[in-house]
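K.L.:
The structure is given below, and queries will be raised subsequently.
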Amino acid sequence: MKKLILLLVPLALLIAGPAYSEDAMKYFNLGVQSSVTRKKIEYYTKALELDSNLVEAYQKRGMLYYYQENYENAIQDYLTYIEHAPAEAEAYIMVGIGYQKKGFYEPALYYFTRAMELEPGQLKAYANRAETYRLMGREEEAMRDATRAIELEGDARSRADSYKTRFKIYWKQGQDKLARADYRKSVELDPRITLWRYPNKKYPSPEEVSRVGLFGIIAIAFVLIFGTKLRPPDK
């Protein structure tokens, strides 16, 4: 009887195992299919509760946390992903960006450098490490990395960010001609850069653009509602 039980227990676990993973995959796929960020996070969380080995859910949930500017959770998810998944430069870059956003520059440098070790010539890692060096006041190293990123092929947005980093350094150093040249290059590669402020020439921030748009909508609505009803006062 004992021998029979010993044989049946592993068999039961073997049968139950795939069903357990199947339930986790069901929630994972719901997360992939959903278009609502909050629901996607809920589905990935449920999938991980059912199967913590479903490491891709950490990566996808971490990216959602990043876009929500929830950098603490994004870092934790990507660190867990790194711990269990094959080494991947992009995951190290995301951890580095998370630390950079939180103002922890030394660990940010470590993860950007690690990404470069995994994937030499990683443009995005150079661009982000350059900006991190600039934020630390290490301008010579920032210029070196930004210039290296600009020389590399691919990822126009990261190259634009590198020009932007160099522009800030040149402007701080009073090298106006070089600063303006790098600013123009950054805008050519990524027109969204015109939404941040250029010294002595004010560009609207995204928040200001949204505010102006909101006031415009309110004004139009006011005219539509009251424009045909309001009459000039009797003389």
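Letters A, B, ... mark the chains of the structure tokens in the order given; residue numbers begin at 1 per chain; ligand numbers begin at 1, in order shown.
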Do you know which residues are at most 10 Å from stretch 56-65 of chain A counting only C-alpha atoms, after dropping those on the same chain fewer than 4 positions away, and could you put them as a PyMOL selection string?
P.N.:
chain A and resi 24-25+27-29+31-32+37-38+40-48+51-52+69-82+84-85+91+94-95
K.L.:
Filtering to N, CA and C atoms, could you give me those residues as an mmCIF file, in the first residue's frame?
P.N.:
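Once everything was written out, this is again.cif:
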data_model
loop_
_atom_site.group_PDB
_atom_site.id
_atom_site.type_symbol
_atom_site.label_atom_id
_atom_site.label_comp_id
_atom_site.auth_asym_id
_atom_site.auth_seq_id
_atom_site.Cartn_x
_atom_site.Cartn_y
_atom_site.Cartn_z
ATOM 1 N N ALA A 24 -2.086 29.861 -15.314
ATOM 2 C CA ALA A 24 -1.221 31.033 -15.314
ATOM 3 C C ALA A 24 -1.124 31.615 -16.722
ATOM 4 N N MET A 25 -1.001 30.743 -17.726
ATOM 5 C CA MET A 25 -0.907 31.194 -19.105
ATOM 6 C C MET A 25 -2.201 31.867 -19.552
ATOM 7 N N TYR A 27 -4.163 33.781 -17.745
ATOM 8 C CA TYR A 27 -4.121 35.172 -17.263
ATOM 9 C C TYR A 27 -3.033 35.971 -17.982
ATOM 10 N N PHE A 28 -1.921 35.300 -18.286
ATOM 11 C CA PHE A 28 -0.855 35.980 -19.020
ATOM 12 C C PHE A 28 -1.363 36.439 -20.385
ATOM 13 N N ASN A 29 -2.055 35.559 -21.083
ATOM 14 C CA ASN A 29 -2.588 35.900 -22.404
ATOM 15 C C ASN A 29 -3.656 36.985 -22.317
ATOM 16 N N GLY A 31 -3.566 39.351 -20.198
ATOM 17 C CA GLY A 31 -2.772 40.565 -20.040
ATOM 18 C C GLY A 31 -2.250 41.074 -21.371
ATOM 19 N N VAL A 32 -1.797 40.163 -22.209
ATOM 20 C CA VAL A 32 -1.291 40.548 -23.526
ATOM 21 C C VAL A 32 -2.412 41.149 -24.376
ATOM 22 N N THR A 37 -4.232 49.424 -19.200
ATOM 23 C CA THR A 37 -3.013 49.200 -18.421
ATOM 24 C C THR A 37 -3.302 48.593 -17.056
ATOM 25 N N ARG A 38 -4.296 49.132 -16.360
ATOM 26 C CA ARG A 38 -4.620 48.625 -15.018
ATOM 27 C C ARG A 38 -4.991 47.148 -15.070
ATOM 28 N N LYS A 40 -4.174 44.994 -17.457
ATOM 29 C CA LYS A 40 -3.002 44.218 -17.861
ATOM 30 C C LYS A 40 -2.141 43.881 -16.647
ATOM 31 N N ILE A 41 -1.922 44.875 -15.782
ATOM 32 C CA ILE A 41 -1.130 44.638 -14.574
ATOM 33 C C ILE A 41 -1.810 43.608 -13.686
ATOM 34 N N GLU A 42 -3.119 43.709 -13.547
ATOM 35 C CA GLU A 42 -3.859 42.740 -12.723
ATOM 36 C C GLU A 42 -3.714 41.328 -13.280
ATOM 37 N N TYR A 43 -3.810 41.166 -14.584
ATOM 38 C CA TYR A 43 -3.696 39.837 -15.196
ATOM 39 C C TYR A 43 -2.292 39.267 -15.031
ATOM 40 N N TYR A 44 -1.277 40.082 -15.249
ATOM 41 C CA TYR A 44 0.102 39.594 -15.085
ATOM 42 C C TYR A 44 0.376 39.232 -13.624
ATOM 43 N N THR A 45 -0.169 40.014 -12.711
ATOM 44 C CA THR A 45 0.001 39.726 -11.285
ATOM 45 C C THR A 45 -0.648 38.396 -10.927
ATOM 46 N N LYS A 46 -1.856 38.165 -11.442
ATOM 47 C CA LYS A 46 -2.557 36.911 -11.182
ATOM 48 C C LYS A 46 -1.782 35.732 -11.774
ATOM 49 N N ALA A 47 -1.256 35.913 -12.971
ATOM 50 C CA ALA A 47 -0.466 34.859 -13.607
ATOM 51 C C ALA A 47 0.743 34.492 -12.756
ATOM 52 N N LEU A 48 1.402 35.503 -12.188
ATOM 53 C CA LEU A 48 2.588 35.254 -11.364
ATOM 54 C C LEU A 48 2.223 34.635 -10.023
ATOM 55 N N ASP A 51 1.911 31.053 -11.044
ATOM 56 C CA ASP A 51 3.162 30.430 -11.475
ATOM 57 C C ASP A 51 4.269 31.492 -11.497
ATOM 58 N N SER A 52 5.041 31.510 -10.433
ATOM 59 C CA SER A 52 6.098 32.521 -10.304
ATOM 60 C C SER A 52 7.236 32.300 -11.288
ATOM 61 N N GLU A 69 5.383 55.518 -14.421
ATOM 62 C CA GLU A 69 6.377 56.214 -13.595
ATOM 63 C C GLU A 69 6.450 55.629 -12.187
ATOM 64 N N ASN A 70 6.053 54.360 -12.067
ATOM 65 C CA ASN A 70 6.182 53.626 -10.817
ATOM 66 C C ASN A 70 7.534 52.905 -10.879
ATOM 67 N N TYR A 71 8.598 53.673 -10.733
ATOM 68 C CA TYR A 71 9.944 53.157 -10.997
ATOM 69 C C TYR A 71 10.391 52.105 -9.986
ATOM 70 N N GLU A 72 9.934 52.217 -8.757
ATOM 71 C CA GLU A 72 10.313 51.226 -7.736
ATOM 72 C C GLU A 72 9.843 49.828 -8.140
ATOM 73 N N ASN A 73 8.563 49.717 -8.515
ATOM 74 C CA ASN A 73 8.028 48.420 -8.925
ATOM 75 C C ASN A 73 8.636 47.951 -10.239
ATOM 76 N N ALA A 74 8.905 48.886 -11.138
ATOM 77 C CA ALA A 74 9.532 48.524 -12.407
ATOM 78 C C ALA A 74 10.908 47.913 -12.157
ATOM 79 N N ILE A 75 11.680 48.531 -11.291
ATOM 80 C CA ILE A 75 13.009 48.008 -10.956
ATOM 81 C C ILE A 75 12.903 46.601 -10.386
ATOM 82 N N GLN A 76 11.999 46.410 -9.443
ATOM 83 C CA GLN A 76 11.869 45.103 -8.803
ATOM 84 C C GLN A 76 11.481 44.024 -9.800
ATOM 85 N N ASP A 77 10.541 44.345 -10.702
ATOM 86 C CA ASP A 77 10.125 43.347 -11.690
ATOM 87 C C ASP A 77 11.259 42.994 -12.639
ATOM 88 N N TYR A 78 12.001 43.995 -13.084
ATOM 89 C CA TYR A 78 13.107 43.709 -14.003
ATOM 90 C C TYR A 78 14.253 42.978 -13.307
ATOM 91 N N LEU A 79 14.486 43.280 -12.038
ATOM 92 C CA LEU A 79 15.521 42.545 -11.298
ATOM 93 C C LEU A 79 15.140 41.068 -11.163
ATOM 94 N N THR A 80 13.860 40.803 -10.899
ATOM 95 C CA THR A 80 13.395 39.418 -10.821
ATOM 96 C C THR A 80 13.527 38.739 -12.173
ATOM 97 N N TYR A 81 13.178 39.467 -13.222
ATOM 98 C CA TYR A 81 13.309 38.932 -14.585
ATOM 99 C C TYR A 81 14.759 38.583 -14.883
ATOM 100 N N ILE A 82 15.690 39.481 -14.530
ATOM 101 C CA ILE A 82 17.113 39.244 -14.761
ATOM 102 C C ILE A 82 17.598 38.014 -14.004
ATOM 103 N N HIS A 84 16.019 35.302 -13.283
ATOM 104 C CA HIS A 84 15.526 34.014 -13.759
ATOM 105 C C HIS A 84 15.639 33.804 -15.270
ATOM 106 N N ALA A 85 15.754 34.891 -16.025
ATOM 107 C CA ALA A 85 15.788 34.766 -17.490
ATOM 108 C C ALA A 85 17.231 34.819 -17.990
ATOM 109 N N ALA A 91 16.964 44.385 -20.521
ATOM 110 C CA ALA A 91 16.468 44.313 -19.145
ATOM 111 C C ALA A 91 17.387 45.102 -18.202
ATOM 112 N N MET A 94 16.711 48.793 -18.616
ATOM 113 C CA MET A 94 15.485 49.233 -17.954
ATOM 114 C C MET A 94 15.704 49.407 -16.454
ATOM 115 N N VAL A 95 16.479 48.522 -15.832
ATOM 116 C CA VAL A 95 16.806 48.698 -14.412
ATOM 117 C C VAL A 95 17.612 49.980 -14.226
#
K.L.:
Would you please work out which residue, of A:Met116, A:Ala181, A:Val187, A:Val36, is nearest to A:Arg157 when using only C-alpha atoms?
P.N.:
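Result for the nearest residue to A:Arg157: A:Val187.
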K.L.:
Name the residues of stretch 6-157 of chain A that come out as helix (DSSP H, G or I) in a backbone DSSP run; write them as JSON, numbers by chain.
P.N.:
{"A": [6, 7, 8, 9, 10, 11, 12, 13, 14, 15, 16, 17, 18, 19, 20, 21, 22, 23, 24, 25, 26, 27, 28, 29, 30, 31, 32, 33, 37, 38, 39, 40, 41, 42, 43, 44, 45, 46, 47, 48, 49, 50, 56, 57, 58, 59, 60, 61, 62, 63, 64, 65, 66, 67, 71, 72, 73, 74, 75, 76, 77, 78, 79, 80, 81, 82, 83, 84, 89, 90, 91, 92, 93, 94, 95, 96, 97, 98, 99, 100, 101, 105, 106, 107, 108, 109, 110, 111, 112, 113, 114, 115, 116, 117, 118, 123, 124, 125, 126, 127, 128, 129, 130, 131, 132, 133, 134, 135, 139, 140, 141, 142, 143, 144, 145, 146, 147, 148, 149, 150, 151, 156, 157]}
K.L.:
Quick one, how far is atom CA of A:Arg144 from atom CA of A:Lys172?
P.N.:
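Computing it gives 16.4 Å between the two atoms.
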K.L.:
Just to confirm, what's the straight-line distance from atom CA of A:Leu123 to atom CA of A:Pro86 in Å (one decimal)?
P.N.:
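Computed distance, atom CA of A:Leu123 to atom CA of A:Pro86, equals 20.4 Å.
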K.L.:
How far is it from atom CA of A:Glu151 to atom CA of A:Pro107, in Å with one decimal?
P.N.:
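Atom CA of A:Pro107 lies 25.5 Å from atom CA of A:Glu151.
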K.L.:
Using only C-alpha atoms, which of the listed residues (A:Ser21, A:Thr132, A:Asn53, A:Gln68) sits closest to A:Gly96?
P.N.:
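Of A:Ser21, A:Thr132, A:Asn53, A:Gln68, the one nearest A:Gly96 is A:Thr132, counting only C-alpha atoms.
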K.L.:
Closest to A:Met143 among A:Asn128, A:Gln122, A:Thr165, A:Gln175, using only C-alpha atoms?
P.N.:
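Looking only at the distances to A:Met143, the closest residue turns out to be A:Thr165.
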K.L.:
Between A:Ala142, A:Glu22, A:Tyr163, A:Glu153, which has the minimum distance to A:Asp182 (counting only C-alpha atoms)?
P.N.:
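Nearest to A:Asp182: A:Tyr163.
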